[in-house]
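Visitor: What follows is the file data-v7.txt, containing compact mmCIF, C-alpha atoms:
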# COMPACT_ATOMS: atom_id res chain seq x y z
CA MET A 130 134.50 -4.74 -80.50
CA GLY A 131 133.45 -3.61 -76.97
CA ARG A 132 130.95 -5.50 -74.91
CA VAL A 133 128.30 -2.75 -75.19
CA THR A 134 128.70 -2.49 -78.96
CA ALA A 135 128.57 -6.27 -79.36
CA ALA A 136 125.44 -6.43 -77.22
CA LEU A 137 123.77 -3.76 -79.34
CA VAL A 138 124.61 -5.66 -82.53
CA VAL A 139 123.06 -8.82 -81.08
CA LEU A 140 119.99 -6.90 -79.90
CA VAL A 141 119.47 -5.28 -83.28
CA GLY A 142 119.85 -8.66 -84.94
CA VAL A 143 117.21 -10.15 -82.66
CA ILE A 144 114.81 -7.26 -83.35
CA VAL A 145 115.31 -7.53 -87.12
CA SER A 146 114.86 -11.30 -87.02
CA PHE A 147 111.70 -10.93 -84.94
CA SER A 148 110.19 -8.31 -87.24
CA GLN A 149 110.93 -10.42 -90.28
CA ALA A 150 109.45 -13.49 -88.61
CA ARG A 151 106.22 -11.58 -88.04
CA VAL A 152 105.55 -11.69 -91.79
CA ALA A 153 104.70 -15.26 -92.65
CA ALA A 154 105.46 -16.17 -96.27
CA PRO A 155 102.97 -18.04 -98.47
CA GLU A 156 103.52 -21.75 -98.95
CA PRO A 157 105.18 -22.42 -102.32
CA ASP A 158 102.81 -25.24 -103.25
CA GLY A 159 99.58 -23.27 -102.76
CA GLU A 160 97.64 -20.96 -105.07
CA LEU A 161 95.64 -17.82 -104.44
CA TRP A 162 91.96 -17.51 -105.38
CA ALA A 163 89.60 -14.57 -104.98
CA VAL A 164 85.85 -13.89 -105.05
CA LEU A 165 84.77 -10.25 -105.38
CA VAL A 166 81.10 -9.35 -104.87
CA ALA A 167 79.22 -6.09 -105.36
CA GLY A 168 75.70 -6.91 -104.23
CA SER A 169 73.81 -3.82 -105.42
CA SER A 170 72.57 -2.16 -108.59
CA THR A 171 71.52 1.35 -109.77
CA TRP A 172 73.41 4.60 -110.02
CA MET A 173 72.69 5.44 -106.35
CA ASN A 174 75.01 2.56 -105.43
CA TYR A 175 77.86 3.39 -107.84
CA ARG A 176 80.37 3.10 -105.01
CA HIS A 177 79.85 -0.62 -104.41
CA GLN A 178 80.85 -1.66 -107.92
CA ALA A 179 83.65 0.93 -107.89
CA ASP A 180 85.07 -0.65 -104.72
CA VAL A 181 84.98 -4.14 -106.20
CA CYS A 182 86.54 -3.01 -109.48
CA HIS A 183 89.37 -1.38 -107.52
CA ALA A 184 89.85 -4.61 -105.55
CA TYR A 185 90.16 -6.47 -108.86
CA GLN A 186 92.84 -4.03 -110.08
CA ILE A 187 94.84 -4.63 -106.89
CA LEU A 188 94.74 -8.41 -107.35
CA HIS A 189 95.49 -8.19 -111.06
CA GLN A 190 98.43 -5.83 -110.59
CA HIS A 191 99.87 -8.07 -107.88
CA GLY A 192 99.94 -11.05 -110.19
CA VAL A 193 96.75 -12.99 -109.48
CA PRO A 194 95.62 -14.46 -112.83
CA ASP A 195 92.11 -13.70 -114.05
CA ASP A 196 91.17 -17.38 -114.06
CA HIS A 197 91.68 -17.31 -110.28
CA ILE A 198 89.52 -14.19 -109.73
CA ILE A 199 85.71 -14.44 -109.79
CA VAL A 200 83.80 -11.16 -110.03
CA MET A 201 80.10 -10.69 -109.33
CA MET A 202 78.68 -7.24 -110.16
CA TYR A 203 75.44 -6.05 -111.72
CA ASP A 204 77.40 -4.05 -114.32
CA ASP A 205 74.96 -1.17 -114.78
CA ILE A 206 77.33 1.67 -113.83
CA ALA A 207 80.10 2.06 -116.43
CA ASN A 208 77.66 2.60 -119.30
CA ASN A 209 74.86 4.11 -117.26
CA LYS A 210 73.10 7.05 -118.91
CA MET A 211 74.02 9.18 -115.88
CA ASN A 212 77.74 8.42 -116.15
CA PRO A 213 79.59 11.47 -117.53
CA ILE A 214 82.70 9.35 -118.24
CA LYS A 215 81.12 6.62 -120.34
CA GLY A 216 82.66 3.19 -120.09
CA LYS A 217 84.72 4.05 -117.03
CA ILE A 218 84.40 3.78 -113.27
CA ILE A 219 86.57 5.63 -110.77
CA ASN A 220 87.01 5.00 -107.04
CA ARG A 221 88.25 8.45 -106.03
CA PRO A 222 87.93 11.95 -107.52
CA ASP A 223 89.99 12.25 -110.71
CA GLY A 224 91.26 8.74 -110.05
CA PRO A 225 92.18 6.07 -112.61
CA ASP A 226 89.63 3.94 -114.43
CA VAL A 227 89.15 0.80 -112.32
CA TYR A 228 86.63 -0.82 -114.70
CA LYS A 229 89.02 -1.64 -117.52
CA GLY A 230 89.76 -5.33 -117.82
CA VAL A 231 87.47 -6.46 -114.99
CA PRO A 232 86.21 -10.02 -115.63
CA LYS A 233 82.43 -9.87 -115.48
CA ASP A 234 81.76 -13.46 -114.49
CA TYR A 235 78.28 -12.97 -113.09
CA THR A 236 76.25 -9.87 -113.94
CA GLY A 237 72.64 -8.68 -113.85
CA LYS A 238 70.18 -11.27 -112.56
CA ASP A 239 72.99 -13.81 -112.08
CA VAL A 240 74.24 -11.82 -109.07
CA THR A 241 72.41 -13.79 -106.39
CA PRO A 242 73.16 -15.38 -103.01
CA GLU A 243 72.61 -18.79 -104.61
CA THR A 244 75.25 -18.10 -107.28
CA PHE A 245 77.65 -16.81 -104.64
CA LEU A 246 77.31 -19.92 -102.48
CA LYS A 247 77.71 -22.23 -105.47
CA VAL A 248 80.88 -20.35 -106.45
CA LEU A 249 82.28 -20.96 -102.96
CA GLN A 250 81.31 -24.63 -103.07
CA GLY A 251 82.97 -25.13 -106.47
CA ASP A 252 79.60 -26.24 -107.88
CA ALA A 253 80.37 -25.93 -111.60
CA GLU A 254 77.48 -28.20 -112.53
CA GLY A 255 75.06 -26.00 -110.60
CA LEU A 256 76.30 -22.93 -112.52
CA LYS A 257 76.31 -24.54 -115.93
CA GLU A 258 75.11 -21.96 -118.49
CA VAL A 259 75.05 -19.26 -115.78
CA GLY A 260 77.42 -16.37 -116.43
CA SER A 261 80.96 -17.54 -117.04
CA GLY A 262 80.32 -20.63 -114.96
CA LYS A 263 83.57 -19.94 -113.12
CA VAL A 264 83.82 -21.36 -109.59
CA LEU A 265 86.50 -21.73 -106.94
CA LYS A 266 88.75 -24.68 -107.68
CA SER A 267 90.80 -24.16 -104.56
CA GLY A 268 92.21 -26.99 -102.48
CA PRO A 269 93.74 -27.69 -99.06
CA ASN A 270 97.01 -25.85 -99.80
CA ASP A 271 95.40 -22.72 -101.25
CA ARG A 272 94.49 -19.32 -99.87
CA VAL A 273 91.16 -17.67 -100.66
CA PHE A 274 90.34 -13.95 -100.46
CA ILE A 275 86.69 -12.84 -100.43
CA ASN A 276 85.68 -9.18 -100.73
CA MET A 277 81.98 -8.35 -100.30
CA VAL A 278 80.54 -4.85 -100.71
CA ASP A 279 76.90 -3.78 -100.45
CA HIS A 280 74.05 -2.79 -98.16
CA GLY A 281 73.52 -4.75 -94.98
CA ALA A 282 71.37 -5.12 -91.90
CA PRO A 283 71.52 -7.31 -88.81
CA GLY A 284 72.43 -10.78 -90.09
CA ILE A 285 71.91 -9.76 -93.71
CA PHE A 286 74.12 -9.00 -96.71
CA ALA A 287 72.01 -7.69 -99.60
CA PHE A 288 72.02 -8.70 -103.25
CA PRO A 289 70.27 -6.85 -106.12
CA GLU A 290 67.00 -8.76 -105.80
CA SER A 291 67.31 -10.71 -102.55
CA TYR A 292 69.68 -11.21 -99.62
CA LEU A 293 72.19 -13.56 -98.01
CA TYR A 294 71.31 -14.52 -94.45
CA VAL A 295 74.06 -14.96 -91.85
CA LYS A 296 73.29 -18.66 -91.25
CA ASN A 297 73.64 -19.46 -94.97
CA PHE A 298 76.86 -17.46 -95.17
CA THR A 299 78.32 -19.21 -92.14
CA ASN A 300 77.28 -22.63 -93.44
CA GLY A 301 78.90 -21.83 -96.79
CA ILE A 302 82.22 -21.06 -95.09
CA LEU A 303 81.99 -24.14 -92.85
CA ASP A 304 81.21 -26.28 -95.90
CA MET A 305 84.38 -24.99 -97.57
CA GLN A 306 86.39 -25.84 -94.48
CA ARG A 307 84.94 -29.35 -94.18
CA ASN A 308 85.70 -30.05 -97.83
CA LYS A 309 89.27 -28.76 -97.51
CA ARG A 310 88.76 -25.95 -100.02
CA PHE A 311 91.37 -23.69 -98.44
CA LYS A 312 94.42 -23.57 -96.23
CA GLU A 313 93.51 -20.07 -95.07
CA LEU A 314 90.58 -17.84 -95.99
CA THR A 315 90.23 -14.09 -95.50
CA VAL A 316 87.03 -12.04 -95.86
CA TYR A 317 86.84 -8.23 -96.06
CA MET A 318 83.18 -7.10 -95.83
CA GLU A 319 81.80 -3.61 -96.44
CA ALA A 320 78.18 -3.25 -95.29
CA CYS A 321 76.06 -1.78 -92.54
CA GLU A 322 76.01 -4.07 -89.47
CA ALA A 323 78.69 -6.16 -91.22
CA GLY A 324 79.97 -7.51 -87.91
CA SER A 325 76.73 -9.44 -87.46
CA MET A 326 77.71 -11.67 -90.40
CA PHE A 327 80.70 -13.10 -88.52
CA LYS A 328 79.33 -13.78 -85.04
CA ASN A 329 79.18 -17.55 -85.62
CA ILE A 330 82.49 -17.98 -87.46
CA PRO A 331 84.70 -20.28 -85.31
CA ASP A 332 88.14 -19.01 -84.35
CA ASP A 333 89.94 -22.28 -85.12
CA ILE A 334 89.21 -23.06 -88.79
CA ASN A 335 91.78 -20.79 -90.47
CA VAL A 336 89.24 -18.11 -91.37
CA TYR A 337 90.07 -14.45 -90.72
CA ALA A 338 87.77 -11.49 -91.41
CA LEU A 339 87.52 -7.73 -91.22
CA SER A 340 84.16 -5.95 -91.12
CA ALA A 341 83.59 -2.29 -91.94
CA SER A 342 81.27 -1.92 -88.96
CA ASN A 343 80.22 -3.69 -85.80
CA SER A 344 76.94 -5.58 -85.44
CA THR A 345 74.70 -2.56 -84.80
CA GLU A 346 76.01 0.41 -86.79
CA SER A 347 76.13 1.75 -90.34
CA SER A 348 79.12 1.72 -92.61
CA TYR A 349 79.92 4.96 -94.43
CA ALA A 350 80.20 6.15 -98.02
CA CYS A 351 82.71 8.78 -99.11
CA TYR A 352 84.12 10.76 -102.03
CA LEU A 353 80.97 12.59 -103.14
CA ASP A 354 82.09 13.73 -106.58
CA LYS A 355 79.95 16.54 -107.97
CA LYS A 356 81.31 16.01 -111.48
CA VAL A 357 80.28 12.36 -111.51
CA GLY A 358 77.23 13.02 -109.37
CA THR A 359 77.56 10.24 -106.84
CA PHE A 360 79.66 8.77 -104.04
CA LEU A 361 82.67 6.96 -105.49
CA GLY A 362 83.62 4.70 -102.59
CA ASP A 363 83.03 3.49 -99.05
CA VAL A 364 85.28 4.54 -96.19
CA PHE A 365 86.45 1.09 -95.02
CA SER A 366 87.00 -0.14 -98.57
CA ILE A 367 88.83 3.01 -99.57
CA LYS A 368 91.06 2.80 -96.51
CA TRP A 369 92.15 -0.82 -96.96
CA MET A 370 92.65 -0.47 -100.71
CA GLU A 371 94.51 2.83 -100.63
CA ASP A 372 96.72 1.38 -97.90
CA THR A 373 97.37 -1.67 -100.09
CA ASP A 374 98.17 0.58 -103.06
CA ARG A 375 100.81 2.40 -101.01
CA GLU A 376 102.43 -0.49 -99.17
CA ASP A 377 104.86 -3.24 -100.02
CA VAL A 378 102.39 -6.10 -99.63
CA THR A 379 105.18 -8.63 -99.13
CA LYS A 380 106.19 -6.83 -95.93
CA GLU A 381 102.98 -5.38 -94.53
CA THR A 382 101.08 -7.85 -92.33
CA LEU A 383 97.32 -8.18 -92.09
CA GLU A 384 97.70 -7.05 -88.47
CA LYS A 385 99.39 -3.83 -89.52
CA GLN A 386 96.77 -3.20 -92.19
CA PHE A 387 93.99 -3.76 -89.67
CA ASN A 388 95.52 -1.24 -87.27
CA VAL A 389 96.07 1.31 -90.05
CA VAL A 390 92.53 0.91 -91.40
CA LYS A 391 90.94 0.85 -87.95
CA LYS A 392 92.64 4.14 -87.05
CA ALA A 393 91.84 5.75 -90.41
CA THR A 394 88.19 4.67 -90.45
CA THR A 395 86.82 7.12 -87.91
CA THR A 396 83.22 6.77 -89.08
CA SER A 397 82.55 3.20 -87.87
CA HIS A 398 84.24 0.47 -85.85
CA VAL A 399 86.37 -1.78 -88.06
CA MET A 400 86.40 -5.22 -86.42
CA GLN A 401 88.50 -8.40 -86.58
CA TRP A 402 86.86 -11.83 -86.53
CA GLY A 403 87.76 -15.50 -86.69
CA GLU A 404 91.29 -16.84 -86.29
CA LYS A 405 93.18 -13.65 -85.54
CA SER A 406 96.59 -15.37 -85.55
CA ILE A 407 96.35 -15.30 -89.36
CA ASP A 408 97.07 -11.56 -89.15
CA THR A 409 100.79 -12.39 -89.00
CA GLU A 410 100.52 -13.27 -92.71
CA ALA A 411 101.62 -10.75 -95.31
CA VAL A 412 98.84 -8.87 -97.09
CA GLY A 413 100.38 -10.20 -100.30
CA ALA A 414 99.46 -13.74 -99.28
CA PHE A 415 95.84 -12.80 -100.06
CA VAL A 416 96.08 -10.10 -102.76
CA GLY A 417 99.13 -11.35 -104.67
CA SER A 418 102.80 -10.75 -103.99
CA LYS A 419 104.05 -9.41 -107.32
CA SER A 420 105.91 -6.11 -106.86
CA VAL A 421 104.24 -2.99 -108.27
CA ASP A 422 105.01 0.71 -108.14
CA ALA A 423 103.45 2.26 -105.04
CA VAL A 424 100.66 4.78 -105.57
CA ASP A 425 101.52 8.20 -104.17
CA PHE A 426 98.11 9.02 -102.67
CA GLY A 427 97.53 9.58 -98.96
CA PRO A 428 97.52 8.94 -96.11
CA PHE A 429 95.94 12.18 -94.94
CA PHE A 430 95.37 13.95 -91.66
CA PRO A 431 91.66 13.46 -90.76
CA ILE A 432 90.87 17.16 -91.11
CA ASP A 433 92.20 17.17 -94.68
CA ASP A 434 91.21 13.63 -95.68
CA PRO A 435 89.13 13.92 -98.89
CA CYS A 436 87.38 10.64 -98.05
CA LEU A 437 86.52 11.43 -94.44
CA THR A 438 85.48 15.02 -95.11
CA THR A 439 82.83 13.78 -97.57
CA SER A 440 81.78 10.70 -95.59
CA ILE A 441 78.16 9.98 -94.78
CA ALA A 442 76.25 7.06 -93.28
CA SER A 443 75.29 4.66 -96.05
CA PRO A 444 71.50 4.99 -95.55
CA ASP A 445 71.80 8.77 -96.03
CA VAL A 446 73.48 8.51 -99.44
CA PRO A 447 70.31 8.82 -101.60
CA LEU A 448 69.18 11.95 -99.77
CA ALA A 449 72.66 13.51 -99.97
CA MET A 450 72.89 12.81 -103.71
CA LEU A 451 69.50 14.37 -104.39
CA GLN A 452 70.27 17.37 -102.21
CA SER A 453 73.49 17.94 -104.15
CA LEU A 454 71.42 18.07 -107.35
CA VAL A 455 69.06 20.60 -105.78
CA ASP A 456 72.03 22.73 -104.75
CA ALA A 457 73.61 22.45 -108.20
CA ALA A 458 70.39 23.65 -109.84
CA ASP A 459 70.69 26.82 -107.74
CA GLY A 460 67.03 27.77 -107.85
CA LEU A 461 66.53 27.02 -111.53
CA THR A 462 63.66 24.94 -112.90
CA GLY A 463 65.53 21.69 -112.32
CA ALA A 464 65.64 22.36 -108.58
CA ASP A 465 61.88 21.78 -108.34
CA PHE A 466 62.22 18.38 -109.99
CA TRP A 467 64.97 17.21 -107.64
CA GLN A 468 63.15 18.62 -104.60
CA HIS A 469 60.13 16.59 -105.67
CA GLU A 470 62.38 13.51 -105.80
CA ILE A 471 63.53 14.25 -102.23
CA ASP A 472 59.93 14.59 -101.06
CA THR A 473 59.02 11.30 -102.75
CA LEU A 474 61.99 9.56 -101.17
CA GLN A 475 60.97 10.80 -97.72
CA GLU A 476 57.37 9.71 -98.28
CA ASN A 477 58.48 6.24 -99.35
CA ARG A 478 60.71 5.89 -96.31
CA THR A 479 57.86 6.96 -94.04
CA PHE A 480 55.67 4.33 -95.71
CA VAL A 481 58.21 1.62 -94.90
CA LYS A 482 58.57 2.74 -91.27
CA ASP A 483 54.81 3.11 -90.79
CA THR A 484 54.25 -0.36 -92.22
CA MET A 485 56.69 -1.91 -89.77
CA ARG A 486 55.21 0.10 -86.92
CA LYS A 487 51.73 -1.24 -87.74
CA ILE A 488 53.06 -4.82 -87.82
CA VAL A 489 54.78 -4.38 -84.47
CA LYS A 490 51.63 -2.84 -82.97
CA VAL A 491 49.56 -5.84 -84.09
CA VAL A 492 52.15 -8.18 -82.53
CA THR A 493 52.55 -6.38 -79.20
CA GLY A 494 49.11 -4.83 -78.84
CA ASP A 495 50.71 -2.03 -76.87
CA ASP A 496 51.76 1.51 -77.88
CA ASP A 497 54.63 1.77 -75.40
CA LEU A 498 56.07 -1.62 -76.36
CA THR A 499 55.71 -0.74 -80.03
CA GLU A 500 57.71 2.43 -79.49
CA LYS A 501 60.37 0.43 -77.67
CA MET A 502 60.63 -2.12 -80.49
CA MET A 503 60.86 0.65 -83.08
CA THR A 504 63.52 2.76 -81.39
CA ASN A 505 66.07 0.28 -80.00
CA THR A 506 68.64 -0.25 -82.76
CA PHE A 507 71.32 -1.83 -80.56
CA GLN A 508 69.87 -5.27 -79.86
CA GLU A 509 71.99 -8.09 -81.27
CA ILE A 510 70.64 -11.34 -82.72
CA HIS A 511 70.50 -14.39 -80.46
CA ASN A 512 67.25 -16.03 -81.59
CA ASP A 513 68.44 -16.77 -85.14
CA ASP A 514 65.56 -18.99 -86.23
CA CYS A 515 62.86 -16.53 -85.20
CA TYR A 516 64.63 -13.59 -86.82
CA GLN A 517 65.35 -15.42 -90.08
CA SER A 518 61.73 -16.51 -90.35
CA CYS A 519 60.52 -12.94 -89.73
CA VAL A 520 62.93 -11.55 -92.33
CA GLU A 521 61.72 -14.07 -94.93
CA THR A 522 58.11 -13.11 -94.20
CA PHE A 523 58.80 -9.38 -94.44
CA HIS A 524 60.81 -9.90 -97.65
CA SER A 525 58.08 -11.94 -99.36
CA LEU A 526 54.94 -10.19 -98.10
CA CYS A 527 55.92 -6.56 -97.49
CA PHE A 528 59.11 -5.24 -99.12
CA ASN A 529 61.67 -7.09 -101.22
CA LEU A 530 64.89 -6.35 -99.35
CA GLY A 531 67.01 -6.35 -102.51
CA LEU A 532 64.74 -4.08 -104.51
CA ASN A 533 63.97 -1.74 -101.59
CA PRO A 534 67.24 -1.08 -99.76
CA TYR A 535 65.65 1.24 -97.22
CA ALA A 536 63.56 -1.65 -95.92
CA LEU A 537 66.79 -3.03 -94.45
CA ARG A 538 66.73 -0.10 -92.03
CA VAL A 539 63.67 -1.43 -90.17
CA THR A 540 64.75 -5.06 -89.77
CA TYR A 541 66.08 -4.27 -86.29
CA ALA A 542 62.43 -4.17 -85.12
CA MET A 543 62.23 -7.88 -85.95
CA VAL A 544 65.39 -8.51 -83.93
CA ASN A 545 63.77 -6.73 -80.99
CA LEU A 546 60.53 -8.70 -81.23
CA CYS A 547 62.32 -12.05 -81.34
CA GLU A 548 64.66 -11.13 -78.48
CA HIS A 549 61.68 -10.07 -76.36
CA GLY A 550 59.92 -13.41 -76.74
CA TYR A 551 57.49 -12.76 -79.57
CA SER A 552 57.25 -15.53 -82.15
CA ALA A 553 57.80 -15.68 -85.89
CA GLU A 554 54.22 -16.95 -86.22
CA GLN A 555 52.89 -13.80 -84.54
CA PHE A 556 54.97 -11.66 -86.88
CA SER A 557 53.75 -13.61 -89.91
CA CYS A 558 50.09 -13.21 -88.98
CA ALA A 559 50.55 -9.49 -88.38
CA SER A 560 52.38 -9.03 -91.69
CA ARG A 561 49.60 -10.75 -93.61
CA ALA A 562 47.11 -8.39 -92.03
CA VAL A 563 49.13 -5.22 -92.62
CA CYS A 564 50.99 -5.75 -95.93
CA VAL A 565 48.11 -5.60 -98.38
CA HIS A 566 49.76 -3.00 -100.61
CA ASP A 567 50.87 -3.72 -104.17
CA ALA A 568 54.48 -4.77 -104.69
CA VAL A 569 56.84 -1.79 -104.71
CA THR A 570 60.46 -1.34 -105.77
CA GLY A 571 63.12 1.32 -105.57
CA ILE A 572 62.60 2.58 -102.03
CA ASN A 573 66.13 3.76 -101.22
Kindly transcribe the structure held in the file into structure tokens.

Guide:
Amino acid sequence: MGRVTAALVVLVGVIVSFSQARVAAPEPDGELWAVLVAGSSTWMNYRHQADVCHAYQILHQHGVPDDHIIVMMYDDIANNKMNPIKGKIINRPDGPDVYKGVPKDYTGKDVTPETFLKVLQGDAEGLKEVGSGKVLKSGPNDRVFINMVDHGAPGIFAFPESYLYVKNFTNGILDMQRNKRFKELTVYMEACEAGSMFKNIPDDINVYALSASNSTESSYACYLDKKVGTFLGDVFSIKWMEDTDREDVTKETLEKQFNVVKKATTTSHVMQWGEKSIDTEAVGAFVGSKSVDAVDFGPFFPIDDPCLTTSIASPDVPLAMLQSLVDAADGLTGADFWQHEIDTLQENRTFVKDTMRKIVKVVTGDDDLTEKMMTNTFQEIHNDDCYQSCVETFHSLCFNLGLNPYALRVTYAMVNLCEHGYSAEQFSCASRAVCVHDAVTGIN
């Protein structure tokens, strides 16, 4: 063998060895656990439960046993009166049923931030006679995968009737780490302003996360299916799950998946958080490593991508769904009904914005400052205590943030007030003066 040929053989060997070393294999003595959360309810939010059901199918197909998967979902979609394919949920047009076999551990009113945190803490006693009572039983050699899908706002992940605040989420993760409840933990979060939920996660506790969006932008829905009458998925969730469906998860690293999903998600900025060195692990270390037949679907060029070409900012979903019903009625009697629904939706949204504007005006006492507080949506949270107190006040006195998703769209005004030196006490006094309306629900 010549010197050049021999050198090439050695070089190729080094490259192959290096590429193989980039995929770290799971420890043989550890187990894999998963918590899947869809934090919304109602037909308008079909996509959130569809995403979580698809995530379950991925884990199940890759060999993760059901007793190691905990699912939280309201469960009002599969058998909803508006569902034309009763008993089924799909995550892409003409796609497979992703609802079949899903363990419904916590449904309806059991889908709460308190339940979620107790699941993470392994607090079986605290969940006695609640849902299935299933909690994480993970230990120091185990890996944990958490997938969370819902509406969000700065420092907030919503649940059907309340919300999870960033400080409580961070403390829940830190509590798991202190109590040695994982070797490595990965979180994939789909929500508006999802990046704001990870700003205080340390980068040295074996926690790795991907967010669908940065700290100040919306995430996006996609796959508006006119036959089903709703959006079937969310862009970030669709991209990471369809990539997982196609790939050999024992060979694809988290780093490669991040780069694929970041490039494919052109609607928002997919972000990495925490201990980024974990991205050398195989995807299969967190979704299961059993071999399955790859799904022949995608990837697509952006111009032809059926997800991207139907994508829309999450807050605009209700309006888009109603407008599609107006268009489908094509001037018939039903069009007037759906147009009335659009008008009502717009009126309700104006009511929410006007209420916040009045509160801000009472706090600042100045029209120009009020306009500034109401229009700057790019301020990030630094004064956590002030903001959390303001959010709790607004949630309890003005609009329940779980039951009125659109109210999440005005929370940035509270961020602005706190960051400009106004106090939570000032906001509370103003809210008590302004929010004298009866309790309302369903403002989307």

Visitor: Have a look at A:Leu339, A:Ala167, A:Leu256, A:Cys436 and name the one nearest to Arg221 of chain A; count all atoms listed in the file.

Guide: A:Cys436

Visitor: Using all atoms listed in the file for the distances, tell me which of A:Phe365, A:Phe245, A:Phe528, A:Tyr294 is nearest to Cys564 of chain A.

Guide: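 Among the listed residues, A:Phe528 lies closest to Cys564 of chain A.
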
Visitor: Rounded to one decimal in Å, what is the spacing between atom CA of Ile198 of chain A and atom CA of Thr359 of chain A?

Guide: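 Computing the Euclidean distance for atom CA of Ile198 of chain A and atom CA of Thr359 of chain A yields 27.4 Å.
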
Visitor: Using only C-alpha atoms, which protein or nucleic acid residues come within 7 Å of segment 424-431 of chain A? Drop anything in the same chain fewer than 4 positions from it, and give the result as a VMD selection string.

Guide: chain A and resid 374 to 375 437

Visitor: Next, write the just-selected residues to a file, as an mmCIF file, in the coordinates of the input, keeping C-alpha atoms as the atom set.

Guide:
data_model
loop_
_atom_site.group_PDB
_atom_site.id
_atom_site.type_symbol
_atom_site.label_atom_id
_atom_site.label_comp_id
_atom_site.auth_asym_id
_atom_site.auth_seq_id
_atom_site.Cartn_x
_atom_site.Cartn_y
_atom_site.Cartn_z
ATOM 1 C CA ASP A 374 98.170 0.580 -103.060
ATOM 2 C CA ARG A 375 100.810 2.400 -101.010
ATOM 3 C CA LEU A 437 86.520 11.430 -94.440
#

Visitor: Kindly indicate which residue among A:Val399, A:Leu546, A:Thr499, A:Glu554 lies nearest to Thr522 of chain A, using only C-alpha atoms for the distances.

Guide: A:Glu554

Visitor: Quick check, in Å to one decimal: how far apart do atom CA of Gln250 of chain A and atom CA of Thr409 of chain A lie?

Guide: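 Those two atoms sit 27.0 Å apart.
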
Visitor: Counting all atoms listed in the file, give me one row per residue of segment 388-418 of chain A with an atom at most 9 Å from an atom of segment 175-190 of chain A, showing the shortest contact pair and its distance in Å to one decimal, sorted by chain then residue number, as a Markdown table.

Guide:
| residue | atom | partner | partner_atom | distance |
| --- | --- | --- | --- | --- |
| A:Phe415 | CA | A:Leu188 | CA | 8.6 |
| A:Val416 | CA | A:Leu188 | CA | 5.1 |
| A:Gly417 | CA | A:Leu188 | CA | 5.9 |

Visitor: Pick from A:Gly260, A:Pro225, A:Gly358, A:Gly413: nearest to Val273 of chain A, with all atoms listed in the file counted?

Guide: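 Result for the nearest residue to Val273 of chain A: A:Gly413.
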
Visitor: Work out how far apart atom CA of Thr244 of chain A and atom CA of Ile199 of chain A are and give it in Å to one decimal.

Guide: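 Answer for the atom CA of Thr244 of chain A to atom CA of Ile199 of chain A separation: 11.4 Å.
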
Visitor: Given all atoms listed in the file as the basis, pick out the residue of A:Gln386, A:Asn276, A:Asn477, A:Ser418 nearest to Gly168 of chain A.

Guide: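 For Gly168 of chain A, the nearest of the given residues is A:Asn276.
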
Visitor: Check the smallest atom-to-atom distance from each of A:Asn212, A:Gln555, A:Ser397, A:Thr506 to Ser348 of chain A using all atoms listed in the file, then report the winner.

Guide: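 So, comparing all the options, the nearest one is A:Ser397.
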
Visitor: Around the point (90.0, 2.5, -98.1) (coordinates from the file), which residues reach within 10 Å if we count all atoms listed in the file? Answer as number ranges by chain.

Guide: A: 180, 220, 351, 362-374, 390, 393-394, 436

Visitor: Might you pull out every residue within 8 Å of Lys238 of chain A, with all atoms listed in the file counted and same-chain residues fewer than 3 positions away left off, and present them as a ChimeraX atom specification?

Guide: /A:203,241,289-290

Visitor: Within 7 Å of (67.5, 2.0, -97.3) (coordinates as in the file), grab all the protein and nucleic acid residues, counting only C-alpha atoms, and write them out as a list in words.

Guide: Pro444, Asn533, Pro534, Tyr535, Ala536, Leu537, Arg538, Ile572 and Asn573 of chain A

Visitor: Tell me which protein, DNA and RNA residues are within 9 Å of Ser420 of chain A, counting all atoms listed in the file, leaving out same-chain ones fewer than 5 positions away, and put them as a CSV table (one decimal) with C-alpha atoms, in the frame of the given file.

Guide:
chain,number,residue,atom,x,y,z
A,190,GLN,CA,98.4,-5.8,-110.6
A,191,HIS,CA,99.9,-8.1,-107.9
A,192,GLY,CA,99.9,-11.0,-110.2
A,377,ASP,CA,104.9,-3.2,-100.0
A,378,VAL,CA,102.4,-6.1,-99.6
A,379,THR,CA,105.2,-8.6,-99.1
